[in-house]
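Q: This is the structure, below, for whatever I ask next.
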Amino acid sequence: MSTILVVDDEPRIRDVVVRTLTLDGLEAHGVADVESAMAVLGTRAFDLVVLDLLLPGRDGFTALDDIAHRFPGQAVLVLSCLSETSAKVRSLNLGADDYLTKPFHVEELLARVRARLRAIHRHSPATQTFGRFKLDLVNHRVELAGRPVQLSDREFQVLSELLNHRGRAVTKQHLLSRVWGYRPEEAARVSNVVDVSVRRLRSRLGGDVIETVRGEGYRVR
């Protein structure tokens, strides 16, 4: 199921967008400001962010710039009452993938969201190479330095997340959200499942491949 984060400080509009996306079979979550959006994006991955520009505190333009630097490749659809060409051009130059003005028809919003999600999935590569690792994203197969390694689907997903954040520590909360689908408030009760999966990965890949970063999470060497 594709996941979408809706960032809008108007409760009525935010609720309408979240409800519309949910009824269309998508997993949608809503927040009211940039700080909350950044906090959520730091704990789990989303296929698309639907972003208002006129937000309290830091505005949507600042958010676009932050997202581009902190979460490269994150798809963003701007949903704003600003209809001026300058606002659209600025948003697109800052990394937005699409721009829809308010008021909007829910049919057009859904069409644009579906088009963006299709583009994301269409351009997803079948294989990825990370140093010594080669991942077959379709069949969930892994090669390490040319040697096939048998992993369960869950272990493959954990390794894929770690490799996609190579060089950075990945928190248990992020893995629980992205791999297992747990919400942040559920994470404390099930955090040991991450430790178990990492332990199994180490037994298959070698004990020195995944390191523990104290107080932060796990990182691939």
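Please note that chains go A, B, ... in the order of the structure tokens, that every chain numbers its residues from 1, and that ligands are numbered from 1 in the order shown.
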Per residue of stretch 82-144 of chain A within 10 Å of stretch 19-38 of chain A, note the shortest atom pair and the distance in Å to one decimal, counting only C-alpha atoms, and order the rows by chain and increasing residue number, as a tab-separated table.
A:
residue	atom	partner	partner_atom	distance
A:Val106	CA	A:Thr20	CA	7.3
A:Glu107	CA	A:Thr20	CA	9.3
A:Leu109	CA	A:Leu21	CA	9.1
A:Leu110	CA	A:Leu21	CA	7.2
A:Val113	CA	A:Leu21	CA	8.8
A:Arg114	CA	A:Asp24	CA	9.8
Q: I'd like a table as CSV: residues in stretch 81-197 of chain A with an atom no more than 12 Å from stretch 1-13 of chain A, each row giving the shortest atom pair and its distance in Å to one decimal, only C-alpha atoms counted, sorted by chain and rising residue number.
A:
residue,atom,partner,partner_atom,distance
A:Cys81,CA,A:Asp8,CA,11.4
A:Lys102,CA,A:Ile13,CA,9.8
A:Pro103,CA,A:Ile13,CA,9.7
A:Phe104,CA,A:Ile13,CA,10.3
A:His105,CA,A:Ile13,CA,11.8
A:Val106,CA,A:Ile13,CA,10.9
A:Leu110,CA,A:Ile4,CA,11.9
A:Val113,CA,A:Ile4,CA,9.2
A:Arg114,CA,A:Ser2,CA,10.0
A:Arg116,CA,A:Ser2,CA,11.1
A:Leu117,CA,A:Ser2,CA,7.8
A:Arg118,CA,A:Ser2,CA,10.5
A:Ile120,CA,A:Ser2,CA,10.5
A:His121,CA,A:Ser2,CA,10.1
A:Ser177,CA,A:Thr3,CA,11.0
A:Arg178,CA,A:Thr3,CA,10.0
A:Gly181,CA,A:Met1,CA,10.2
Q: Could you turn the residues from that selection into a file that holds N, CA, C and O atoms, as a compact mmCIF listing (two decimals), in the first residue's frame?
A:
# COMPACT_ATOMS: atom_id res chain seq x y z
N CYS A 81 -3.18 27.55 -2.01
CA CYS A 81 -4.07 28.58 -2.53
C CYS A 81 -3.31 29.62 -3.35
O CYS A 81 -3.92 30.48 -3.99
N LYS A 102 -5.65 25.45 -4.71
CA LYS A 102 -6.93 25.41 -4.00
C LYS A 102 -7.79 26.57 -4.52
O LYS A 102 -7.26 27.63 -4.85
N PRO A 103 -9.11 26.42 -4.53
CA PRO A 103 -9.87 25.19 -4.25
C PRO A 103 -9.63 24.15 -5.35
O PRO A 103 -9.31 24.50 -6.49
N PHE A 104 -9.81 22.88 -5.00
CA PHE A 104 -9.51 21.81 -5.94
C PHE A 104 -10.67 20.81 -5.96
O PHE A 104 -11.47 20.73 -5.03
N HIS A 105 -10.74 20.05 -7.03
CA HIS A 105 -11.68 18.95 -7.13
C HIS A 105 -10.97 17.68 -6.68
O HIS A 105 -9.84 17.42 -7.09
N VAL A 106 -11.64 16.90 -5.83
CA VAL A 106 -10.99 15.69 -5.32
C VAL A 106 -10.62 14.74 -6.45
O VAL A 106 -9.63 14.00 -6.36
N LEU A 110 -6.91 13.17 -6.81
CA LEU A 110 -6.65 11.73 -6.90
C LEU A 110 -5.92 11.39 -8.19
O LEU A 110 -5.01 10.55 -8.20
N VAL A 113 -2.28 12.40 -7.78
CA VAL A 113 -1.60 11.49 -6.85
C VAL A 113 -1.32 10.16 -7.52
O VAL A 113 -0.21 9.62 -7.43
N ARG A 114 -2.31 9.60 -8.22
CA ARG A 114 -2.11 8.32 -8.91
C ARG A 114 -1.02 8.43 -9.97
O ARG A 114 -0.20 7.52 -10.12
N ARG A 116 1.53 10.46 -10.00
CA ARG A 116 2.84 10.56 -9.34
C ARG A 116 3.27 9.20 -8.82
O ARG A 116 4.44 8.81 -8.96
N LEU A 117 2.34 8.44 -8.25
CA LEU A 117 2.68 7.11 -7.74
C LEU A 117 3.06 6.16 -8.88
O LEU A 117 3.97 5.36 -8.75
N ARG A 118 2.36 6.27 -10.01
CA ARG A 118 2.73 5.44 -11.17
C ARG A 118 4.13 5.76 -11.64
O ARG A 118 4.91 4.87 -11.97
N ILE A 120 6.59 6.93 -9.87
CA ILE A 120 7.54 6.42 -8.89
C ILE A 120 7.79 4.94 -9.12
O ILE A 120 8.94 4.49 -9.18
N HIS A 121 6.72 4.17 -9.26
CA HIS A 121 6.86 2.72 -9.41
C HIS A 121 7.44 2.36 -10.78
O HIS A 121 8.18 1.40 -10.91
N SER A 177 8.48 1.03 11.22
CA SER A 177 7.45 1.67 10.41
C SER A 177 7.53 1.20 8.96
O SER A 177 6.52 0.82 8.36
N ARG A 178 8.72 1.22 8.40
CA ARG A 178 8.89 0.94 6.98
C ARG A 178 8.76 -0.54 6.65
O ARG A 178 8.17 -0.91 5.64
N GLY A 181 5.41 -1.91 9.35
CA GLY A 181 4.18 -1.14 9.26
C GLY A 181 3.60 -0.68 10.58
O GLY A 181 2.44 -0.28 10.66
Q: Neighbours of stretch 67-78 of chain A within 8 Å (only C-alpha atoms; same-chain residues fewer than 3 positions away dropped), as an NGL selection string?
A: :A and (38 or 46-53 or 63-64 or 91 or 94-100 or 113 or 116)
Q: Write a file of the just-selected residues containing N, CA, C and O atoms, as an mmCIF file, in the first residue's frame.
A:
data_model
loop_
_atom_site.group_PDB
_atom_site.id
_atom_site.type_symbol
_atom_site.label_atom_id
_atom_site.label_comp_id
_atom_site.auth_asym_id
_atom_site.auth_seq_id
_atom_site.Cartn_x
_atom_site.Cartn_y
_atom_site.Cartn_z
ATOM 1 N N MET A 38 8.669 17.064 9.362
ATOM 2 C CA MET A 38 10.061 16.627 9.375
ATOM 3 C C MET A 38 10.282 15.516 10.397
ATOM 4 O O MET A 38 11.043 14.578 10.157
ATOM 5 N N PHE A 46 7.719 7.779 3.161
ATOM 6 C CA PHE A 46 6.447 7.970 2.482
ATOM 7 C C PHE A 46 6.689 8.008 0.978
ATOM 8 O O PHE A 46 7.701 8.534 0.512
ATOM 9 N N ASP A 47 5.728 7.469 0.227
ATOM 10 C CA ASP A 47 5.850 7.518 -1.226
ATOM 11 C C ASP A 47 5.634 8.932 -1.751
ATOM 12 O O ASP A 47 6.226 9.325 -2.751
ATOM 13 N N LEU A 48 4.788 9.701 -1.067
ATOM 14 C CA LEU A 48 4.456 11.039 -1.543
ATOM 15 C C LEU A 48 4.108 11.936 -0.365
ATOM 16 O O LEU A 48 3.487 11.490 0.610
ATOM 17 N N VAL A 49 4.502 13.206 -0.460
ATOM 18 C CA VAL A 49 4.100 14.232 0.503
ATOM 19 C C VAL A 49 3.204 15.231 -0.217
ATOM 20 O O VAL A 49 3.573 15.745 -1.278
ATOM 21 N N VAL A 50 2.010 15.475 0.329
ATOM 22 C CA VAL A 50 1.117 16.522 -0.183
ATOM 23 C C VAL A 50 1.286 17.719 0.740
ATOM 24 O O VAL A 50 0.942 17.657 1.924
ATOM 25 N N LEU A 51 1.811 18.813 0.205
ATOM 26 C CA LEU A 51 2.308 19.915 1.039
ATOM 27 C C LEU A 51 1.630 21.246 0.733
ATOM 28 O O LEU A 51 1.636 21.713 -0.410
ATOM 29 N N ASP A 52 1.071 21.861 1.774
ATOM 30 C CA ASP A 52 0.576 23.236 1.682
ATOM 31 C C ASP A 52 1.782 24.177 1.790
ATOM 32 O O ASP A 52 2.815 23.814 2.365
ATOM 33 N N LEU A 53 1.645 25.378 1.269
ATOM 34 C CA LEU A 53 2.753 26.335 1.338
ATOM 35 C C LEU A 53 2.597 27.338 2.473
ATOM 36 O O LEU A 53 3.586 27.744 3.087
ATOM 37 N N ALA A 63 10.095 24.095 3.757
ATOM 38 C CA ALA A 63 9.950 22.643 3.855
ATOM 39 C C ALA A 63 10.464 21.952 2.596
ATOM 40 O O ALA A 63 11.138 20.921 2.675
ATOM 41 N N LEU A 64 10.162 22.499 1.434
ATOM 42 C CA LEU A 64 10.636 21.904 0.177
ATOM 43 C C LEU A 64 12.154 21.855 0.141
ATOM 44 O O LEU A 64 12.754 20.849 -0.265
ATOM 45 N N SER A 91 8.315 26.675 -6.350
ATOM 46 C CA SER A 91 8.101 25.350 -5.776
ATOM 47 C C SER A 91 8.758 24.265 -6.614
ATOM 48 O O SER A 91 9.439 23.370 -6.083
ATOM 49 N N LEU A 94 12.429 24.254 -6.290
ATOM 50 C CA LEU A 94 12.881 23.759 -4.984
ATOM 51 C C LEU A 94 12.720 22.245 -4.846
ATOM 52 O O LEU A 94 13.112 21.669 -3.830
ATOM 53 N N GLY A 95 12.125 21.617 -5.868
ATOM 54 C CA GLY A 95 12.047 20.157 -5.846
ATOM 55 C C GLY A 95 10.664 19.555 -5.891
ATOM 56 O O GLY A 95 10.528 18.325 -5.884
ATOM 57 N N ALA A 96 9.612 20.372 -5.923
ATOM 58 C CA ALA A 96 8.260 19.821 -6.016
ATOM 59 C C ALA A 96 8.081 19.094 -7.340
ATOM 60 O O ALA A 96 8.623 19.500 -8.370
ATOM 61 N N ASP A 97 7.310 18.019 -7.318
ATOM 62 C CA ASP A 97 7.064 17.239 -8.532
ATOM 63 C C ASP A 97 5.794 17.674 -9.247
ATOM 64 O O ASP A 97 5.644 17.428 -10.444
ATOM 65 N N ASP A 98 4.870 18.304 -8.527
ATOM 66 C CA ASP A 98 3.611 18.735 -9.121
ATOM 67 C C ASP A 98 3.037 19.850 -8.259
ATOM 68 O O ASP A 98 3.466 20.053 -7.112
ATOM 69 N N TYR A 99 2.066 20.589 -8.826
ATOM 70 C CA TYR A 99 1.492 21.743 -8.121
ATOM 71 C C TYR A 99 0.009 21.812 -8.452
ATOM 72 O O TYR A 99 -0.370 21.855 -9.622
ATOM 73 N N LEU A 100 -0.831 21.802 -7.416
ATOM 74 C CA LEU A 100 -2.276 21.896 -7.586
ATOM 75 C C LEU A 100 -2.783 23.028 -6.704
ATOM 76 O O LEU A 100 -2.429 23.113 -5.531
ATOM 77 N N VAL A 113 -2.284 12.396 -7.785
ATOM 78 C CA VAL A 113 -1.604 11.495 -6.847
ATOM 79 C C VAL A 113 -1.318 10.158 -7.524
ATOM 80 O O VAL A 113 -0.209 9.625 -7.435
ATOM 81 N N ARG A 116 1.528 10.460 -10.003
ATOM 82 C CA ARG A 116 2.837 10.555 -9.343
ATOM 83 C C ARG A 116 3.273 9.198 -8.817
ATOM 84 O O ARG A 116 4.439 8.815 -8.957
#
Q: Have a look at A:Gln173, A:Thr212, A:Leu159, A:Gly217 and name the one nearest to A:Arg200; count only C-alpha atoms.
A: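 Result for the nearest residue to A:Arg200: A:Leu159.
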Q: Could you check the closest approach to A:Glu155 for each of A:Asp66, A:Arg214, A:Ser80, A:Ser203 and tell me which residue wins, using only C-alpha atoms?
A: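 Once distances to A:Glu155 are computed over only C-alpha atoms, the minimum belongs to A:Ser203.
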Q: May I ask which of the residues A:Leu92, A:Leu79, A:Leu135, A:Val209 is the closest one to A:Arg112, counting only C-alpha atoms?
A: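 Once distances to A:Arg112 are computed over only C-alpha atoms, the minimum belongs to A:Leu79.
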